[in-house]
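Enquirer: Please find one structure pasted underneath; my questions will follow.
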Amino acid sequence: MKIFKAIGLTKILLFALIFFYNVSLVLGQTEIEKLKELSIEDLMNLNVITVSKSEQKLKETPAMVFVITSKMIKEKGYSDLFDVLNSTAYFQIQSEHGHWTKGGIINLRGNRSGDSGNNKVLLLIDGIKISDYGGEGLFMGLNSIPLYSIKQIEIAFGPNSTLYGKDAYAGMINLITNTHDNFAGYSYGTFNSQKIYAGVFHKLTDDFNFNINLYSYKSDEQDPTSISKSYKYRAVFPKKPYTSIFYRASKNNMISLGFNIYDFSVKYILFDILASETYGSNPNLYATEYSTLLGAKNQFCNIKYEKNIIENLNLSFDYNYTVNEFNPMTANLYLGDLDRMFVANKDSLNSIDPFYAYGGRKYYYFRTRSHNFDAKAIYNFTSNLKNVSGFSFSYIDGIPVISEGKGGNPITTDRQRNNYLHNFNTMGFFTEFAYRTSYNLLLTAGGRYDYSNNYGNTFMPRVSAIYNYGFNVFKAVYSTGFLAPSITQVYFESVTTFSWIKPNENLKPETTSNFEFNYDYINKNFRISTNIFYSKFSNIIAESVENGDSVYVKIGNDSFYVPLLQSENIGIGEHYGLNIFLLKRINRMFETYINYSLLLGYDDVNNKRIKLNNNLIANHKINLGLTFNYKLLSIYGELIWISDKKIKSNHFLSEYAVLLDENGYLLFKSALLTNLNIRLNNLFDSFSMYLRIKNLFNHEYYGQTINAQWGSPMVLQDMRRIDLGIELSF
C-alpha cells in the first residue's frame, strides 16, 4: 500500500504507539481491563459444547481442547481462521493464495491435506457442518471465514467420529457466534484490502428475536514482482499487460441470518467467494503455466427444534440443507495461449477478457447438495450419570471436480452435469455415557455405528478417564475416527495425453486410532499443559497412483499410450507428538505464553516409508506471545517459528532440478514470523481502533501446492500485511 511505504513502517509504529498510549491515559478503565479479572482457573471452567455435543466444563472434556474467546480474538488481532490456527498447537498452515479458494491448507498433527483439500479437519459454525458432505473438505479459504461475530472458538484435537461420524478425523473446529450484540467495523490495509462487517441483534418479544451478520472482503492481494527480489529478477514472468489483467485475487462476501421463536431456530449462511491466481510458482524460474479464476458458493440452511421435555431430558431435532458449488466459469487459462487473445493494434492494450477467452480455457465444475437430519437426546439419569445419544441421516448428490478440456465450454447445462452426478446416503447411531464415580474422577464411554451405501459399515468407539486433584487435571483418552472417500476420489475420471485416471468405486474409508494423555496444572495466574499423543492409520487413500497397466487412448485424431491411474487404499502410518503450553499472568498489565509442538512419525504409501519431515511436515513449531493491557490500550506481540521441512520431488528431469539437493529433495527452510496488534478499546464506551501487522519484518518464506508432485514446487507465503481498522458497538 503506497501510503504505508511513503510514511515508513517504523514511523507508523512509533506514531501508533504514542497515539494509542496517550489516549489510554486520558480515558478510564475499559472493558478489557475488567475482563482481565477473570483468572486462568475461571477460563478452564468455561462451558464448551463441541466434544460431547452437550455442555461441560473445558477441563472435563474427553479430548485436548483449546478455547479462544472473543476477548482473545480482539486482543490478539485475529481477523480470520487462518490467523487463529497459525497460532495454535499442532497446526501447520500454508497459504495458497487464491488456489482452489483454499486460502490456507491445514496440516494437523502431521495429517496433510491432499487434492481433496482441507478434508481431515471438521469445521462447524454453531454446530452446523460447514465442511462438504461429499468428503471434499472445506471449499473456501480460511481467510474467507471472518471472526468479528464470533463469541468463542472451540478446537478439539484428535478424532471424534464417535459423535460426529466420517469427517472428524484429525480434529474439529466449532465457531460459536455471538447473536446478542450490535456492531460494525471497517479496515483498510496492504494490497488495497478492505473489510466491512456488521452485526445486528433485535429482540421483539421474550420468545422472538433475530440477528444478521454481514462481511465483505476485497483485495488486490500480492503482486510478487513488486515485493520480492527473487520474484522480480526471475528468468521469465508475464509481461504487461498480463500481470495487471490476471492478478485479481479475492472478493469474498458472507451473510448470516437467524431468528429464534419459542423453541425453534432458523439459520442461513452464505459464503460467496471469488478468487484468482496468476502466480504461485517457483520465483526463480517462471510464473505458473496457468492462471486460475474460481468462484464458489457455499450455502447452509439449518432448522432446529430444541426443548427440555422434562427436568432431566433435553431433545433436539435438526434439518440441514447445504449446497457447495463452483461457479461454472471456474477455469484455468494457459499462458501459452495468451497471444491469440490480444488485439493486433500495437498501440492498444485492450484485449478479450482472458477469463472468457477462446482456446486456452479449461473449465472446472463441482457441486454437492445434501439433506441432513439429526436427532439428539441428553438425559441425566442422576447427578453423576449422563447420556448423550442420537441418530443422523444424510442424502447427498454430488458431482466430483470435473473439467472440460482445454478449449472446452463452461459446465452449465444439465446434460453436462448429469453425466457426472452420483447419489448416496449415510446414517449413523451414537451414544456416550459420562459417569462421575467420585468428586474427582469422570469416566466416559461411547461408540458410533455408521452405514453408507457407498463404502459400507464402520464402528467408532471412544473411552476416557478424567481426574481432578486440587490444581491438577489428568486426562487419558482413546478415540477413533474415519475419513470417508470423497466423491472425487471415487468417481473422478480424466483422459489426457499423459495418463488415464479411472474411477475406483471400491475404496474404503481411512481409519485412525488415537491414544493421548493430557496433564494440566492450573491456578489463578498460571497454567502449564502437556499433551502426548500417538495415532495409527490404515487404509490411507493415495490419489491418482499408477496400477502398473498402460493402454492406448484416443484424443482427437491422435492416439497415446498412457499409464492407468486411480485412487487406492495403499497407505498406513504412525504419528506421535508432544505439546507443552505455558501461560503466565505476570500482573494486571502483562501476560505471556509459550507453546511448543513436536511432531514425529511416518506415512507408508505403496510400501514407501516417508518420515513426516520428509513429507512437508515440520518437526518443531514454537509460538511465543506477550500481551500488555493498560486502561484502554492493548498491545499483543507474537513470534512464530516453524522448523525446516523437505519432500522428494519428481522434478529432477525438469528445469526445477536446480532447486533439488543431491538426493532429489526440495528443501523448505525454517521461518520466523512476527505479528503485532495494537488496539484501543471502547473509546467513549462504544468505539475501538486497531492496527494489525502480520509478518512484521517481511520475512520471505515458501510453501508448496497441496499436491507436491505437480505444478510449480514453491509458493511464496504471505509477506507483510498491515491493516488499520475501526469498530463501533451499539
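Residues in the C-alpha cells are named by chain (A, B, ... in the order shown) and by number from 1 within that chain; ligands are numbered from 1 in the order shown.
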Tell me, as a list of chain:residue names, which residues lie within 7 Å of A:Ala484, counting only C-alpha atoms; anything in the same chain fewer than 6 positions away does not count.
Expert: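 With the cut-off at 7 Å, the set is A:Gly135, A:Lys166, A:Pro509, A:Glu510.
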Enquirer: Can I get the selection written as an mmCIF file, in the first residue's frame, with C-alpha atoms?
Expert:
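Result saved to selection-v3.cif:
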data_model
loop_
_atom_site.group_PDB
_atom_site.id
_atom_site.type_symbol
_atom_site.label_atom_id
_atom_site.label_comp_id
_atom_site.auth_asym_id
_atom_site.auth_seq_id
_atom_site.Cartn_x
_atom_site.Cartn_y
_atom_site.Cartn_z
ATOM 1 C CA GLY A 135 -15.960 -35.587 1.622
ATOM 2 C CA LYS A 166 -16.973 -39.555 8.889
ATOM 3 C CA PRO A 509 -12.575 -45.241 4.476
ATOM 4 C CA GLU A 510 -9.280 -44.258 6.050
#
Enquirer: Which neighbours of A:Phe498 fall inside 12 Å, counting only C-alpha atoms, when residues of the same chain fewer than 4 positions from it are skipped, and could you give them as a PyMOL selection string?
Expert: chain A and resi 494+546+550-555+559-565
Enquirer: Which is closest to A:Ile68 among A:Ile153, A:Asn209, A:Glu727, A:Val200, if we use only C-alpha atoms?
Expert: A:Ile153
Enquirer: Give me, as an mmCIF file with N, CA and C atoms, in the first residue's frame, all polymer residues having an atom no more than 8 Å from A:Tyr665, counting only C-alpha atoms and skipping those fewer than 2 positions away in the same chain.
Expert:
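around_36.cif written:
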data_model
loop_
_atom_site.group_PDB
_atom_site.id
_atom_site.type_symbol
_atom_site.label_atom_id
_atom_site.label_comp_id
_atom_site.auth_asym_id
_atom_site.auth_seq_id
_atom_site.Cartn_x
_atom_site.Cartn_y
_atom_site.Cartn_z
ATOM 1 N N LYS A 646 11.147 -30.904 4.080
ATOM 2 C CA LYS A 646 11.536 -31.178 2.705
ATOM 3 C C LYS A 646 10.636 -32.253 2.128
ATOM 4 N N ILE A 647 10.785 -32.473 0.821
ATOM 5 C CA ILE A 647 9.994 -33.501 0.158
ATOM 6 C C ILE A 647 10.750 -34.002 -1.063
ATOM 7 N N LYS A 648 10.618 -35.291 -1.316
ATOM 8 C CA LYS A 648 11.208 -35.883 -2.519
ATOM 9 C C LYS A 648 10.444 -35.375 -3.725
ATOM 10 N N SER A 649 11.147 -34.873 -4.706
ATOM 11 C CA SER A 649 10.493 -34.248 -5.854
ATOM 12 C C SER A 649 10.711 -35.067 -7.114
ATOM 13 N N LEU A 660 16.889 -28.838 -6.313
ATOM 14 C CA LEU A 660 16.919 -30.062 -5.525
ATOM 15 C C LEU A 660 18.310 -30.337 -4.981
ATOM 16 N N ASP A 661 18.362 -31.045 -3.835
ATOM 17 C CA ASP A 661 19.662 -31.441 -3.314
ATOM 18 C C ASP A 661 20.134 -32.711 -4.008
ATOM 19 N N GLU A 662 21.290 -33.222 -3.570
ATOM 20 C CA GLU A 662 21.878 -34.377 -4.260
ATOM 21 C C GLU A 662 21.035 -35.634 -4.148
ATOM 22 N N ASN A 663 20.106 -35.672 -3.179
ATOM 23 C CA ASN A 663 19.226 -36.829 -3.017
ATOM 24 C C ASN A 663 17.854 -36.626 -3.649
ATOM 25 N N LEU A 667 14.000 -28.512 -0.473
ATOM 26 C CA LEU A 667 14.093 -28.077 0.917
ATOM 27 C C LEU A 667 13.343 -26.770 1.129
#
Enquirer: Set the distance at 12 Å and use only C-alpha atoms: which residues neighbour stretch 302-313 of chain A once local chain neighbours fewer than 4 positions away are removed? I'd like the list as a VMD selection string.
Expert: chain A and resid 125 to 130 256 to 270 317 to 322 370 to 383 385 to 389
Enquirer: Would you work out the distance separating atom CA of A:Arg527 from atom CA of A:Leu582, expressed in Å to one decimal?
Expert: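 One can read the atom CA of A:Arg527 to atom CA of A:Leu582 distance as 5.8 Å.
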Enquirer: Kindly indicate which residue among A:Ala618, A:Leu659, A:Met719, A:Ala156 lies nearest to A:Ser52, using only C-alpha atoms for the distances.
Expert: A:Ala156
Enquirer: Apply DSSP to the structure's backbone, then extract all residues of stretch 355-581 of chain A labelled strand (DSSP E) and return them as a VMD selection string.
Expert: chain A and resid 361 to 382 385 to 404 422 to 436 441 to 452 456 to 469 472 to 483 494 to 495 500 to 501 510 to 523 526 to 555 558 to 581
Enquirer: What separation in Å, quoted to one decimal, exists between atom CA of A:Ile176 and atom CA of A:Ile273?
Expert: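 Atom-to-atom, atom CA of A:Ile176 to atom CA of A:Ile273, that is 21.9 Å.
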Enquirer: Out of A:Tyr534, A:Phe684, A:Phe210, A:Tyr467, which residue has the shortest atom-to-atom distance to A:Pro159 when counting only C-alpha atoms?
Expert: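 Closest residue, counting only C-alpha atoms: A:Tyr534.
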Enquirer: Just the number, please: distance in Å from atom CA of A:Gln717 to atom CA of A:Lys645, one decimal.
Expert: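 Taking atom CA of A:Gln717 as the start and atom CA of A:Lys645 as the end point, the length is 14.8 Å.
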Enquirer: Of the candidates A:Tyr593, A:Phe526, A:Tyr164, A:Tyr148, which one gets nearest to A:Ser392 if we count only C-alpha atoms?
Expert: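 Smallest distance to A:Ser392 is found for A:Tyr164.
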